$ cat entry_5.pdb   # PDB, C-alpha atoms and all ligand atoms
ATOM      1  CA  MET R   1     108.212 101.774 171.960  1.00  0.00           C
ATOM      2  CA  THR R   2     104.781 100.536 173.044  1.00  0.00           C
ATOM      3  CA  PRO R   3     102.561 102.176 175.691  1.00  0.00           C
ATOM      4  CA  ARG R   4     103.472 100.902 179.144  1.00  0.00           C
ATOM      5  CA  SER R   5     104.137 102.099 182.689  1.00  0.00           C
ATOM      6  CA  PHE R   6     107.364 104.012 181.984  1.00  0.00           C
ATOM      7  CA  LEU R   7     108.609 104.007 185.588  1.00  0.00           C
ATOM      8  CA  LEU R   8     108.811 100.203 185.548  1.00  0.00           C
ATOM      9  CA  THR R   9     111.387  98.014 183.867  1.00  0.00           C
ATOM     10  CA  ALA R  10     110.027  96.228 180.788  1.00  0.00           C
ATOM     11  CA  GLU R  11     109.979  93.009 182.824  1.00  0.00           C
ATOM     12  CA  LEU R  12     107.955  94.546 185.673  1.00  0.00           C
ATOM     13  CA  ALA R  13     105.604  96.291 183.237  1.00  0.00           C
ATOM     14  CA  ASP R  14     104.916  92.898 181.622  1.00  0.00           C
ATOM     15  CA  TYR R  15     104.367  91.449 185.099  1.00  0.00           C
ATOM     16  CA  VAL R  16     101.856  94.213 185.961  1.00  0.00           C
ATOM     17  CA  GLN R  17      99.963  93.512 182.742  1.00  0.00           C
ATOM     18  CA  ALA R  18     100.056  89.757 183.327  1.00  0.00           C
ATOM     19  CA  SER R  19      98.743  90.227 186.886  1.00  0.00           C
ATOM     20  CA  SER R  20      95.806  92.387 185.779  1.00  0.00           C
ATOM     21  CA  GLU R  21      92.626  91.539 183.872  1.00  0.00           C
ATOM     22  CA  PRO R  22      93.765  90.789 180.312  1.00  0.00           C
ATOM     23  CA  VAL R  23      92.500  92.820 177.378  1.00  0.00           C
ATOM     24  CA  ASP R  24      89.977  90.921 175.263  1.00  0.00           C
ATOM     25  CA  ALA R  25      90.514  89.726 171.667  1.00  0.00           C
ATOM     26  CA  VAL R  26      89.006  92.858 170.051  1.00  0.00           C
ATOM     27  CA  MET R  27      91.173  95.136 172.190  1.00  0.00           C
ATOM     28  CA  ALA R  28      94.269  93.041 171.431  1.00  0.00           C
ATOM     29  CA  ASP R  29      93.575  93.407 167.686  1.00  0.00           C
ATOM     30  CA  LEU R  30      93.105  97.173 168.076  1.00  0.00           C
ATOM     31  CA  ILE R  31      96.385  97.482 169.986  1.00  0.00           C
ATOM     32  CA  ARG R  32      98.107  95.482 167.218  1.00  0.00           C
ATOM     33  CA  GLU R  33      96.592  97.532 164.383  1.00  0.00           C
ATOM     34  CA  THR R  34      97.533 100.817 166.111  1.00  0.00           C
ATOM     35  CA  ALA R  35     101.112  99.595 166.616  1.00  0.00           C
ATOM     36  CA  GLU R  36     101.277  98.722 162.902  1.00  0.00           C
ATOM     37  CA  MET R  37     100.034 102.249 162.054  1.00  0.00           C
ATOM     38  CA  ALA R  38     102.809 103.644 164.255  1.00  0.00           C
ATOM     39  CA  GLU R  39     105.393 101.456 162.478  1.00  0.00           C
ATOM     40  CA  ARG R  40     104.217 102.921 159.151  1.00  0.00           C
ATOM     41  CA  GLY R  41     104.581 106.426 160.602  1.00  0.00           C
ATOM     42  CA  GLU R  42     100.810 107.073 160.554  1.00  0.00           C
ATOM     43  CA  ALA R  43     100.594 107.699 164.310  1.00  0.00           C
ATOM     44  CA  SER R  44     102.843 108.148 167.303  1.00  0.00           C
ATOM     45  CA  PRO R  45     103.646 104.835 169.026  1.00  0.00           C
ATOM     46  CA  THR R  46     102.879 106.198 172.516  1.00  0.00           C
ATOM     47  CA  MET R  47      99.527 107.859 171.868  1.00  0.00           C
ATOM     48  CA  GLN R  48      97.416 104.912 172.923  1.00  0.00           C
ATOM     49  CA  ILE R  49      96.972 104.327 176.658  1.00  0.00           C
ATOM     50  CA  ALA R  50      98.701 101.279 178.191  1.00  0.00           C
ATOM     51  CA  PRO R  51      96.647  98.050 178.454  1.00  0.00           C
ATOM     52  CA  GLU R  52      96.790  98.082 182.276  1.00  0.00           C
ATOM     53  CA  GLN R  53      95.389 101.629 182.263  1.00  0.00           C
ATOM     54  CA  GLY R  54      92.593 100.520 179.957  1.00  0.00           C
ATOM     55  CA  VAL R  55      91.470  97.721 182.232  1.00  0.00           C
ATOM     56  CA  LEU R  56      91.693 100.094 185.239  1.00  0.00           C
ATOM     57  CA  MET R  57      89.457 102.591 183.435  1.00  0.00           C
ATOM     58  CA  ARG R  58      86.911  99.888 182.608  1.00  0.00           C
ATOM     59  CA  LEU R  59      86.926  98.788 186.260  1.00  0.00           C
ATOM     60  CA  LEU R  60      86.560 102.393 187.496  1.00  0.00           C
ATOM     61  CA  THR R  61      83.673 103.049 185.101  1.00  0.00           C
ATOM     62  CA  ARG R  62      81.883  99.995 186.484  1.00  0.00           C
ATOM     63  CA  ALA R  63      82.784 100.681 190.125  1.00  0.00           C
ATOM     64  CA  LEU R  64      81.539 104.283 189.908  1.00  0.00           C
ATOM     65  CA  GLY R  65      78.319 103.104 188.297  1.00  0.00           C
ATOM     66  CA  ALA R  66      78.913 105.714 185.583  1.00  0.00           C
ATOM     67  CA  ARG R  67      76.074 105.991 183.066  1.00  0.00           C
ATOM     68  CA  ARG R  68      77.135 109.035 181.065  1.00  0.00           C
ATOM     69  CA  ALA R  69      80.798 109.586 180.196  1.00  0.00           C
ATOM     70  CA  ILE R  70      82.861 111.899 178.026  1.00  0.00           C
ATOM     71  CA  GLU R  71      86.276 111.379 176.436  1.00  0.00           C
ATOM     72  CA  ILE R  72      88.435 114.197 175.086  1.00  0.00           C
ATOM     73  CA  GLY R  73      91.034 112.651 172.739  1.00  0.00           C
ATOM     74  CA  THR R  74      89.915 109.376 171.180  1.00  0.00           C
ATOM     75  CA  PHE R  75      92.548 108.483 168.539  1.00  0.00           C
ATOM     76  CA  THR R  76      91.977 104.865 167.380  1.00  0.00           C
ATOM     77  CA  GLY R  77      89.482 104.196 170.155  1.00  0.00           C
ATOM     78  CA  PHE R  78      91.132 101.942 172.751  1.00  0.00           C
ATOM     79  CA  SER R  79      90.417 104.069 175.844  1.00  0.00           C
ATOM     80  CA  ALA R  80      86.868 104.723 174.610  1.00  0.00           C
ATOM     81  CA  LEU R  81      86.344 100.984 174.161  1.00  0.00           C
ATOM     82  CA  CYS R  82      87.441 100.391 177.768  1.00  0.00           C
ATOM     83  CA  ILE R  83      85.068 103.053 179.128  1.00  0.00           C
ATOM     84  CA  ALA R  84      82.189 101.895 176.913  1.00  0.00           C
ATOM     85  CA  GLU R  85      82.586  98.295 178.089  1.00  0.00           C
ATOM     86  CA  GLY R  86      82.335  99.518 181.682  1.00  0.00           C
ATOM     87  CA  LEU R  87      79.053 101.337 181.058  1.00  0.00           C
ATOM     88  CA  PRO R  88      75.656  99.692 181.460  1.00  0.00           C
ATOM     89  CA  GLU R  89      73.849  98.796 178.208  1.00  0.00           C
ATOM     90  CA  ASP R  90      71.815 102.006 178.332  1.00  0.00           C
ATOM     91  CA  GLY R  91      74.873 104.120 179.247  1.00  0.00           C
ATOM     92  CA  SER R  92      76.528 106.490 176.803  1.00  0.00           C
ATOM     93  CA  LEU R  93      79.951 107.886 175.988  1.00  0.00           C
ATOM     94  CA  LEU R  94      80.522 111.123 174.099  1.00  0.00           C
ATOM     95  CA  CYS R  95      83.889 111.118 172.296  1.00  0.00           C
ATOM     96  CA  LEU R  96      85.555 114.313 171.074  1.00  0.00           C
ATOM     97  CA  ASP R  97      88.412 114.280 168.557  1.00  0.00           C
ATOM     98  CA  ARG R  98      89.398 116.171 165.431  1.00  0.00           C
ATOM     99  CA  SER R  99      90.892 113.318 163.406  1.00  0.00           C
ATOM    100  CA  GLU R 100      88.551 111.629 160.962  1.00  0.00           C
ATOM    101  CA  GLU R 101      91.275 109.200 159.903  1.00  0.00           C
ATOM    102  CA  TRP R 102      92.193 107.879 163.379  1.00  0.00           C
ATOM    103  CA  THR R 103      88.617 107.726 164.627  1.00  0.00           C
ATOM    104  CA  ALA R 104      87.573 105.731 161.535  1.00  0.00           C
ATOM    105  CA  VAL R 105      89.713 102.929 162.982  1.00  0.00           C
ATOM    106  CA  ALA R 106      87.984 103.447 166.361  1.00  0.00           C
ATOM    107  CA  ARG R 107      84.520 103.109 164.826  1.00  0.00           C
ATOM    108  CA  ARG R 108      85.388  99.704 163.291  1.00  0.00           C
ATOM    109  CA  TYR R 109      86.495  98.301 166.635  1.00  0.00           C
ATOM    110  CA  TRP R 110      83.516  99.729 168.566  1.00  0.00           C
ATOM    111  CA  GLU R 111      81.252  97.934 166.059  1.00  0.00           C
ATOM    112  CA  ARG R 112      83.166  94.689 166.465  1.00  0.00           C
ATOM    113  CA  ALA R 113      82.988  94.914 170.260  1.00  0.00           C
ATOM    114  CA  GLY R 114      79.214  95.555 170.138  1.00  0.00           C
ATOM    115  CA  VAL R 115      79.405  98.937 171.934  1.00  0.00           C
ATOM    116  CA  ALA R 116      79.024 101.307 168.962  1.00  0.00           C
ATOM    117  CA  ASP R 117      75.444 102.120 169.971  1.00  0.00           C
ATOM    118  CA  ARG R 118      76.721 103.477 173.309  1.00  0.00           C
ATOM    119  CA  ILE R 119      79.240 105.854 171.718  1.00  0.00           C
ATOM    120  CA  GLU R 120      78.666 109.177 169.985  1.00  0.00           C
ATOM    121  CA  LEU R 121      81.707 110.684 168.249  1.00  0.00           C
ATOM    122  CA  ARG R 122      81.870 114.409 167.497  1.00  0.00           C
ATOM    123  CA  LEU R 123      84.649 115.626 165.233  1.00  0.00           C
ATOM    124  CA  GLY R 124      86.134 119.086 165.630  1.00  0.00           C
ATOM    125  CA  ASP R 125      88.057 121.138 168.146  1.00  0.00           C
ATOM    126  CA  ALA R 126      87.322 119.538 171.517  1.00  0.00           C
ATOM    127  CA  LEU R 127      87.193 122.741 173.571  1.00  0.00           C
ATOM    128  CA  ALA R 128      84.791 124.413 171.150  1.00  0.00           C
ATOM    129  CA  THR R 129      82.574 121.297 171.097  1.00  0.00           C
ATOM    130  CA  LEU R 130      82.616 121.087 174.889  1.00  0.00           C
ATOM    131  CA  ARG R 131      81.651 124.753 175.210  1.00  0.00           C
ATOM    132  CA  GLU R 132      78.765 124.278 172.771  1.00  0.00           C
ATOM    133  CA  LEU R 133      77.160 121.475 174.806  1.00  0.00           C
ATOM    134  CA  PRO R 134      73.882 122.465 176.463  1.00  0.00           C
ATOM    135  CA  ALA R 135      74.357 123.431 180.123  1.00  0.00           C
ATOM    136  CA  GLU R 136      72.191 120.494 181.251  1.00  0.00           C
ATOM    137  CA  GLU R 137      74.571 117.898 179.718  1.00  0.00           C
ATOM    138  CA  THR R 138      76.325 116.353 182.704  1.00  0.00           C
ATOM    139  CA  PHE R 139      78.748 113.456 183.090  1.00  0.00           C
ATOM    140  CA  ASP R 140      79.602 110.896 185.764  1.00  0.00           C
ATOM    141  CA  LEU R 141      83.065 110.286 184.306  1.00  0.00           C
ATOM    142  CA  ALA R 142      85.413 112.237 182.046  1.00  0.00           C
ATOM    143  CA  PHE R 143      88.704 111.135 180.488  1.00  0.00           C
ATOM    144  CA  VAL R 144      91.059 113.796 179.113  1.00  0.00           C
ATOM    145  CA  ASP R 145      93.807 112.699 176.688  1.00  0.00           C
ATOM    146  CA  ALA R 146      94.028 115.376 173.949  1.00  0.00           C
ATOM    147  CA  ASP R 147      96.321 118.425 173.537  1.00  0.00           C
ATOM    148  CA  LYS R 148      98.205 118.870 176.819  1.00  0.00           C
ATOM    149  CA  THR R 149      98.163 122.669 176.699  1.00  0.00           C
ATOM    150  CA  GLY R 150      94.360 122.474 176.673  1.00  0.00           C
ATOM    151  CA  TYR R 151      94.000 120.379 179.851  1.00  0.00           C
ATOM    152  CA  ALA R 152      93.488 123.331 182.236  1.00  0.00           C
ATOM    153  CA  ALA R 153      90.643 124.653 180.071  1.00  0.00           C
ATOM    154  CA  TYR R 154      89.086 121.174 179.760  1.00  0.00           C
ATOM    155  CA  VAL R 155      89.162 120.753 183.550  1.00  0.00           C
ATOM    156  CA  GLU R 156      87.455 124.132 184.036  1.00  0.00           C
ATOM    157  CA  GLU R 157      84.753 123.311 181.479  1.00  0.00           C
ATOM    158  CA  LEU R 158      84.162 119.876 182.973  1.00  0.00           C
ATOM    159  CA  HIS R 159      83.788 120.999 186.606  1.00  0.00           C
ATOM    160  CA  PRO R 160      80.215 122.375 186.333  1.00  0.00           C
ATOM    161  CA  ARG R 161      79.222 119.448 184.100  1.00  0.00           C
ATOM    162  CA  LEU R 162      80.178 116.716 186.571  1.00  0.00           C
ATOM    163  CA  THR R 163      77.497 114.964 188.585  1.00  0.00           C
ATOM    164  CA  GLY R 164      77.747 114.784 192.399  1.00  0.00           C
ATOM    165  CA  ASN R 165      80.345 112.060 192.750  1.00  0.00           C
ATOM    166  CA  GLY R 166      81.804 112.625 189.290  1.00  0.00           C
ATOM    167  CA  VAL R 167      85.418 111.782 188.486  1.00  0.00           C
ATOM    168  CA  VAL R 168      87.800 113.225 185.888  1.00  0.00           C
ATOM    169  CA  LEU R 169      90.801 111.191 184.693  1.00  0.00           C
ATOM    170  CA  LEU R 170      93.734 113.097 183.206  1.00  0.00           C
ATOM    171  CA  ASP R 171      96.269 111.159 181.141  1.00  0.00           C
ATOM    172  CA  ASN R 172     100.033 111.753 180.799  1.00  0.00           C
ATOM    173  CA  THR R 173     100.327 113.824 183.961  1.00  0.00           C
ATOM    174  CA  LEU R 174     103.940 112.679 184.481  1.00  0.00           C
ATOM    175  CA  ARG R 175     104.989 113.355 180.859  1.00  0.00           C
ATOM    176  CA  GLY R 176     107.653 110.643 181.027  1.00  0.00           C
ATOM    177  CA  GLY R 177     109.115 112.432 184.056  1.00  0.00           C
ATOM    178  CA  GLN R 178     109.483 115.787 182.257  1.00  0.00           C
ATOM    179  CA  VAL R 179     107.077 117.542 184.630  1.00  0.00           C
ATOM    180  CA  LEU R 180     110.145 117.853 186.886  1.00  0.00           C
ATOM    181  CA  ASP R 181     112.237 119.372 184.132  1.00  0.00           C
ATOM    182  CA  PRO R 182     109.937 120.684 181.388  1.00  0.00           C
ATOM    183  CA  GLU R 183     111.336 120.518 177.854  1.00  0.00           C
ATOM    184  CA  ASP R 184     108.339 121.833 175.927  1.00  0.00           C
ATOM    185  CA  GLU R 185     105.054 123.661 176.443  1.00  0.00           C
ATOM    186  CA  SER R 186     103.132 120.428 177.006  1.00  0.00           C
ATOM    187  CA  ASP R 187     105.458 119.464 179.885  1.00  0.00           C
ATOM    188  CA  SER R 188     105.162 122.985 181.352  1.00  0.00           C
ATOM    189  CA  ALA R 189     101.381 123.001 180.999  1.00  0.00           C
ATOM    190  CA  LEU R 190     101.056 119.777 182.927  1.00  0.00           C
ATOM    191  CA  ALA R 191     103.599 120.793 185.583  1.00  0.00           C
ATOM    192  CA  SER R 192     101.558 123.979 186.208  1.00  0.00           C
ATOM    193  CA  LEU R 193      98.254 122.126 186.187  1.00  0.00           C
ATOM    194  CA  ASN R 194      99.509 119.427 188.603  1.00  0.00           C
ATOM    195  CA  ALA R 195     100.670 122.135 191.025  1.00  0.00           C
ATOM    196  CA  ALA R 196      97.365 124.025 190.768  1.00  0.00           C
ATOM    197  CA  LEU R 197      95.204 120.925 191.229  1.00  0.00           C
ATOM    198  CA  ALA R 198      97.129 119.776 194.313  1.00  0.00           C
ATOM    199  CA  THR R 199      95.840 122.840 196.219  1.00  0.00           C
ATOM    200  CA  ASP R 200      92.504 123.412 194.460  1.00  0.00           C
ATOM    201  CA  PRO R 201      89.779 123.037 197.125  1.00  0.00           C
ATOM    202  CA  ARG R 202      87.169 122.135 194.477  1.00  0.00           C
ATOM    203  CA  TRP R 203      88.844 118.805 193.742  1.00  0.00           C
ATOM    204  CA  GLU R 204      90.052 115.774 195.660  1.00  0.00           C
ATOM    205  CA  THR R 205      93.201 114.895 193.690  1.00  0.00           C
ATOM    206  CA  VAL R 206      95.530 111.936 193.368  1.00  0.00           C
ATOM    207  CA  LEU R 207      98.247 111.441 190.750  1.00  0.00           C
ATOM    208  CA  LEU R 208      98.813 107.726 190.176  1.00  0.00           C
ATOM    209  CA  PRO R 209     102.237 106.678 188.816  1.00  0.00           C
ATOM    210  CA  LEU R 210     100.546 104.280 186.390  1.00  0.00           C
ATOM    211  CA  ALA R 211     101.593 104.250 182.734  1.00  0.00           C
ATOM    212  CA  ASP R 212     102.536 107.904 181.950  1.00  0.00           C
ATOM    213  CA  GLY R 213     100.786 109.256 185.045  1.00  0.00           C
ATOM    214  CA  LEU R 214      97.023 109.189 185.563  1.00  0.00           C
ATOM    215  CA  THR R 215      95.434 111.867 187.732  1.00  0.00           C
ATOM    216  CA  LEU R 216      92.082 111.209 189.367  1.00  0.00           C
ATOM    217  CA  LEU R 217      89.972 114.222 190.301  1.00  0.00           C
ATOM    218  CA  ARG R 218      86.809 113.869 192.339  1.00  0.00           C
ATOM    219  CA  LYS R 219      84.538 116.862 192.501  1.00  0.00           C
ATOM    220  CA  ARG R 220      84.002 117.817 196.157  1.00  0.00           C
TER     221      ARG R 220
HETATM  222  C1  LIG R 301      96.985 110.730 172.774  1.00  0.00           C
HETATM  223  S1  LIG R 301      95.753 110.642 171.555  1.00  0.00           S
HETATM  224  C2  LIG R 301      94.404 109.881 172.416  1.00  0.00           C
HETATM  225  C3  LIG R 301      94.660 108.418 172.678  1.00  0.00           C
HETATM  226  C4  LIG R 301      93.427 107.639 173.072  1.00  0.00           C
HETATM  227  N1  LIG R 301      92.863 108.143 174.309  1.00  0.00           N
HETATM  228  C5  LIG R 301      93.753 106.165 173.177  1.00  0.00           C
HETATM  229  O1  LIG R 301      93.955 105.674 174.281  1.00  0.00           O
HETATM  230  O2  LIG R 301      93.869 105.499 172.148  1.00  0.00           O
HETATM  231  C6  LIG R 301      95.251 112.316 171.409  1.00  0.00           C
HETATM  232  C7  LIG R 301      94.065 112.556 170.491  1.00  0.00           C
HETATM  233  O3  LIG R 301      93.604 113.883 170.751  1.00  0.00           O
HETATM  234  C8  LIG R 301      93.196 114.471 169.537  1.00  0.00           C
HETATM  235  N2  LIG R 301      93.298 115.925 169.717  1.00  0.00           N
HETATM  236  C9  LIG R 301      94.390 116.650 170.044  1.00  0.00           C
HETATM  237  N3  LIG R 301      94.077 117.943 170.194  1.00  0.00           N
HETATM  238  C10 LIG R 301      92.745 118.054 169.947  1.00  0.00           C
HETATM  239  C11 LIG R 301      91.817 119.135 169.927  1.00  0.00           C
HETATM  240  N4  LIG R 301      92.183 120.393 170.227  1.00  0.00           N
HETATM  241  N5  LIG R 301      90.521 118.864 169.641  1.00  0.00           N
HETATM  242  C12 LIG R 301      90.125 117.600 169.345  1.00  0.00           C
HETATM  243  N6  LIG R 301      90.962 116.541 169.353  1.00  0.00           N
HETATM  244  C13 LIG R 301      92.253 116.760 169.640  1.00  0.00           C
HETATM  245  C14 LIG R 301      94.128 113.896 168.472  1.00  0.00           C
HETATM  246  O4  LIG R 301      93.499 113.935 167.207  1.00  0.00           O
HETATM  247  C15 LIG R 301      94.379 112.483 169.006  1.00  0.00           C
HETATM  248  O5  LIG R 301      93.510 111.564 168.389  1.00  0.00           O
END

$ encode --input "entry_5.pdb" --output "C-alpha cells"
Amino acid sequence: MTPRSFLLTAELADYVQASSEPVDAVMADLIRETAEMAERGEASPTMQIAPEQGVLMRLLTRALGARRAIEIGTFTGFSALCIAEGLPEDGSLLCLDRSEEWTAVARRYWERAGVADRIELRLGDALATLRELPAEETFDLAFVDADKTGYAAYVEELHPRLTGNGVVLLDNTLRGGQVLDPEDESDSALASLNAALATDPRWETVLLPLADGLTLLRKR
C-alpha cells in the first residue's frame, strides 16, 4: 500500500496525481527509497504523505508567502522537502522528530535538493521541544504529522506562535475513515479534535478529503 487519497479508486488517485504538478526527480527517488524501506519492514508504508499532498503543501507555502515554518513529524523528509522548496531562499523550516534513523534519510535528500541550509532538525520529543522554544519564535506555517494523540496539545502550543495570517496543516484527520468509528486511541483523538476545532472560534477550519484527510486551520 502506497500513500494516496484513500477515498478515491486507485485509477482516480493516479488521475489526480497525473493532473497535478509532478514531483521532481529528487522527490521521486525519496518516495522510492521510503517504499523500499517499508518493504524491508523498516517503516510503515503509509507514513509518508501522498505526492499530491506534497505538491499542494509546496504551493500553499508559496501562496502564503511563508518565510518561517515548522514541521512536527518528519520521518524520511518528503513533506519537509515540499515545504522547504516553497520557502524563499532566506526562509527557514524547523523540523521536529525523535527518530535519528529515519531523519538521516531525510538529511541526504535535503542536501541533494539544495534546501538543507533552510532546514533545522531537532531530535527529541516534539512537544517538549516545542514548549522549550523561546516565546518570540513564531511561524507562518505549521505542519503536524506526528503522534495522533498529541495533536490537540500541538495545536494549543502552536496557536500563540502563529503569525497574523498563519496556517496550521494537520495530517491524517480522516484516519482512513475511522474517525466515524474509532478503533484505537489515535482514531478517537482525531475524532475529538475534529469536533472541537469545528466550533473553536479561534480558528477558521476546513477538513479537506485529500489523501488521509488534511485539515487547514487559519488563526482568526
Ligand atoms: C507519519 S510520520 C511523518 C511523515 C512525514 N511527514 C512524511 O511525509 O514523510 C510520523 C513521524 O513522527 C515522529 N514522531 C511520532 N511521535 C513523536 C513525538 N512524540 N516526538 C517527536 N517525533 C515523533 C516519528 O518518529 C515519525 O518520523

$ residues_near_ligand --input "entry_5.pdb" --ligand "ligand LIG 301 (chain R)" --cutoff "8 Å" --atoms "all atoms listed in the file" --output "PDB file with C-alpha atoms, in the coordinates of the input"
ATOM      1  CA  THR R  46     102.879 106.198 172.516  1.00  0.00           C
ATOM      2  CA  MET R  47      99.527 107.859 171.868  1.00  0.00           C
ATOM      3  CA  GLN R  48      97.416 104.912 172.923  1.00  0.00           C
ATOM      4  CA  ILE R  49      96.972 104.327 176.658  1.00  0.00           C
ATOM      5  CA  ALA R  50      98.701 101.279 178.191  1.00  0.00           C
ATOM      6  CA  GLY R  54      92.593 100.520 179.957  1.00  0.00           C
ATOM      7  CA  GLU R  71      86.276 111.379 176.436  1.00  0.00           C
ATOM      8  CA  ILE R  72      88.435 114.197 175.086  1.00  0.00           C
ATOM      9  CA  GLY R  73      91.034 112.651 172.739  1.00  0.00           C
ATOM     10  CA  THR R  74      89.915 109.376 171.180  1.00  0.00           C
ATOM     11  CA  PHE R  75      92.548 108.483 168.539  1.00  0.00           C
ATOM     12  CA  THR R  76      91.977 104.865 167.380  1.00  0.00           C
ATOM     13  CA  GLY R  77      89.482 104.196 170.155  1.00  0.00           C
ATOM     14  CA  PHE R  78      91.132 101.942 172.751  1.00  0.00           C
ATOM     15  CA  SER R  79      90.417 104.069 175.844  1.00  0.00           C
ATOM     16  CA  ALA R  80      86.868 104.723 174.610  1.00  0.00           C
ATOM     17  CA  LEU R  96      85.555 114.313 171.074  1.00  0.00           C
ATOM     18  CA  ASP R  97      88.412 114.280 168.557  1.00  0.00           C
ATOM     19  CA  ARG R  98      89.398 116.171 165.431  1.00  0.00           C
ATOM     20  CA  SER R  99      90.892 113.318 163.406  1.00  0.00           C
ATOM     21  CA  TRP R 102      92.193 107.879 163.379  1.00  0.00           C
ATOM     22  CA  THR R 103      88.617 107.726 164.627  1.00  0.00           C
ATOM     23  CA  LEU R 123      84.649 115.626 165.233  1.00  0.00           C
ATOM     24  CA  GLY R 124      86.134 119.086 165.630  1.00  0.00           C
ATOM     25  CA  ASP R 125      88.057 121.138 168.146  1.00  0.00           C
ATOM     26  CA  ALA R 126      87.322 119.538 171.517  1.00  0.00           C
ATOM     27  CA  LEU R 127      87.193 122.741 173.571  1.00  0.00           C
ATOM     28  CA  VAL R 144      91.059 113.796 179.113  1.00  0.00           C
ATOM     29  CA  ASP R 145      93.807 112.699 176.688  1.00  0.00           C
ATOM     30  CA  ALA R 146      94.028 115.376 173.949  1.00  0.00           C
ATOM     31  CA  ASP R 147      96.321 118.425 173.537  1.00  0.00           C
ATOM     32  CA  LYS R 148      98.205 118.870 176.819  1.00  0.00           C
ATOM     33  CA  GLY R 150      94.360 122.474 176.673  1.00  0.00           C
TER      34      GLY R 150
END

$ closest_atom_pairs --input "entry_5.pdb" --of "region 90-141 of chain R" --to "region 28-39 of chain R" --cutoff "10 Å" --atoms "all atoms listed in the file" --output "CSV"
residue,atom,partner,partner_atom,distance
R:Trp102,CA,R:Thr34,CA,9.3
R:Val105,CA,R:Leu30,CA,8.4
R:Ala106,CA,R:Leu30,CA,8.3
R:Arg108,CA,R:Leu30,CA,9.4
R:Tyr109,CA,R:Leu30,CA,6.9
R:Trp110,CA,R:Leu30,CA,9.9

$ residues_around --input "entry_5.pdb" --residues "Asn194 (chain R)" --least-positions-apart "2" --cutoff "10 Å" --atoms "all atoms listed in the file" --output "list in words"
Ala152, Thr173, Leu174, Val179, Ser188, Ala189, Leu190, Ala191, Ser192, Ala196, Leu197, Ala198, Thr199, Asp200, Thr205, Val206, Leu207 and Thr215 of chain R

$ atom_distance --input "entry_5.pdb" --atom1 "CA of Leu7 (chain R)" --atom2 "CA of Asp212 (chain R)"
8.1 Å

$ closest_residue --input "entry_5.pdb" --among "R:Ala142, R:Ala63, R:Ile70, R:Leu56" --to "Ala211 (chain R)" --atoms "only C-alpha atoms"
R:Leu56

$ residues_around --input "entry_5.pdb" --residues "Ala135 (chain R)" --least-positions-apart "2" --cutoff "12 Å" --atoms "only C-alpha atoms" --output "MDAnalysis selection string"
chainID R and resid 130:133 137:139 157:162

$ write_last_selection --input "entry_5.pdb" --atoms "C-alpha atoms" --output "PDB file, keeping the file's coordinate frame"
ATOM      1  CA  LEU R 130      82.616 121.087 174.889  1.00  0.00           C
ATOM      2  CA  ARG R 131      81.651 124.753 175.210  1.00  0.00           C
ATOM      3  CA  GLU R 132      78.765 124.278 172.771  1.00  0.00           C
ATOM      4  CA  LEU R 133      77.160 121.475 174.806  1.00  0.00           C
ATOM      5  CA  GLU R 137      74.571 117.898 179.718  1.00  0.00           C
ATOM      6  CA  THR R 138      76.325 116.353 182.704  1.00  0.00           C
ATOM      7  CA  PHE R 139      78.748 113.456 183.090  1.00  0.00           C
ATOM      8  CA  GLU R 157      84.753 123.311 181.479  1.00  0.00           C
ATOM      9  CA  LEU R 158      84.162 119.876 182.973  1.00  0.00           C
ATOM     10  CA  HIS R 159      83.788 120.999 186.606  1.00  0.00           C
ATOM     11  CA  PRO R 160      80.215 122.375 186.333  1.00  0.00           C
ATOM     12  CA  ARG R 161      79.222 119.448 184.100  1.00  0.00           C
ATOM     13  CA  LEU R 162      80.178 116.716 186.571  1.00  0.00           C
TER      14      LEU R 162
END

$ atom_distance --input "entry_5.pdb" --atom1 "CA of Ala113 (chain R)" --atom2 "CA of Val26 (chain R)"
6.4 Å

$ axis_aligned_box --input "entry_5.pdb" --around "region 36-51 of chain R" --padding-each-side "3 Å" --output "lines of an AutoDock Vina configuration file"
center_x = 101.0
center_y = 103.1
center_z = 168.8
size_x = 14.7
size_y = 16.1
size_z = 25.3

$ residues_around --input "entry_5.pdb" --residues "Arg58 (chain R)" --least-positions-apart "5" --cutoff "6 Å" --atoms "all atoms listed in the file" --output "number ranges by chain"
R: 82-83, 86

$ atom_distance --input "entry_5.pdb" --atom1 "CA of Arg67 (chain R)" --atom2 "CA of Thr163 (chain R)"
10.6 Å

$ residues_around --input "entry_5.pdb" --residues "Ala69 (chain R)" --least-positions-apart "3" --cutoff "7 Å" --atoms "only C-alpha atoms" --output "compact mmCIF listing (two decimals) with C-alpha atoms, in the frame of the given file"
# COMPACT_ATOMS: atom_id res chain seq x y z
CA ALA R 66 78.91 105.71 185.58
CA SER R 92 76.53 106.49 176.80
CA LEU R 93 79.95 107.89 175.99
CA LEU R 94 80.52 111.12 174.10
CA PHE R 139 78.75 113.46 183.09
CA ASP R 140 79.60 110.90 185.76
CA LEU R 141 83.06 110.29 184.31
CA ALA R 142 85.41 112.24 182.05

$ closest_residue --input "entry_5.pdb" --among "R:Arg112, R:Arg202, R:Arg218, R:Arg118" --to "Leu64 (chain R)" --atoms "all atoms listed in the file"
R:Arg218

$ decode --input "entry_5.pdb" --residues "region 16-21 of chain R" --atoms "N, CA and C atoms" --output "mmCIF file, in the first residue's frame"
data_model
loop_
_atom_site.group_PDB
_atom_site.id
_atom_site.type_symbol
_atom_site.label_atom_id
_atom_site.label_comp_id
_atom_site.auth_asym_id
_atom_site.auth_seq_id
_atom_site.Cartn_x
_atom_site.Cartn_y
_atom_site.Cartn_z
ATOM 1 N N VAL R 16 -5.588 11.945 -10.336
ATOM 2 C CA VAL R 16 -5.366 13.174 -9.553
ATOM 3 C C VAL R 16 -3.880 13.523 -9.556
ATOM 4 N N GLN R 17 -3.045 12.505 -9.336
ATOM 5 C CA GLN R 17 -1.595 12.762 -9.335
ATOM 6 C C GLN R 17 -1.126 13.235 -10.705
ATOM 7 N N ALA R 18 -1.648 12.581 -11.753
ATOM 8 C CA ALA R 18 -1.208 12.911 -13.114
ATOM 9 C C ALA R 18 -1.693 14.300 -13.529
ATOM 10 N N SER R 19 -2.754 14.790 -12.898
ATOM 11 C CA SER R 19 -3.319 16.095 -13.256
ATOM 12 C C SER R 19 -2.768 17.211 -12.370
ATOM 13 N N SER R 20 -1.872 16.882 -11.467
ATOM 14 C CA SER R 20 -1.262 17.870 -10.585
ATOM 15 C C SER R 20 0.208 18.012 -10.961
ATOM 16 N N GLU R 21 0.834 19.076 -10.427
ATOM 17 C CA GLU R 21 2.275 19.268 -10.637
ATOM 18 C C GLU R 21 2.997 17.962 -10.257
#
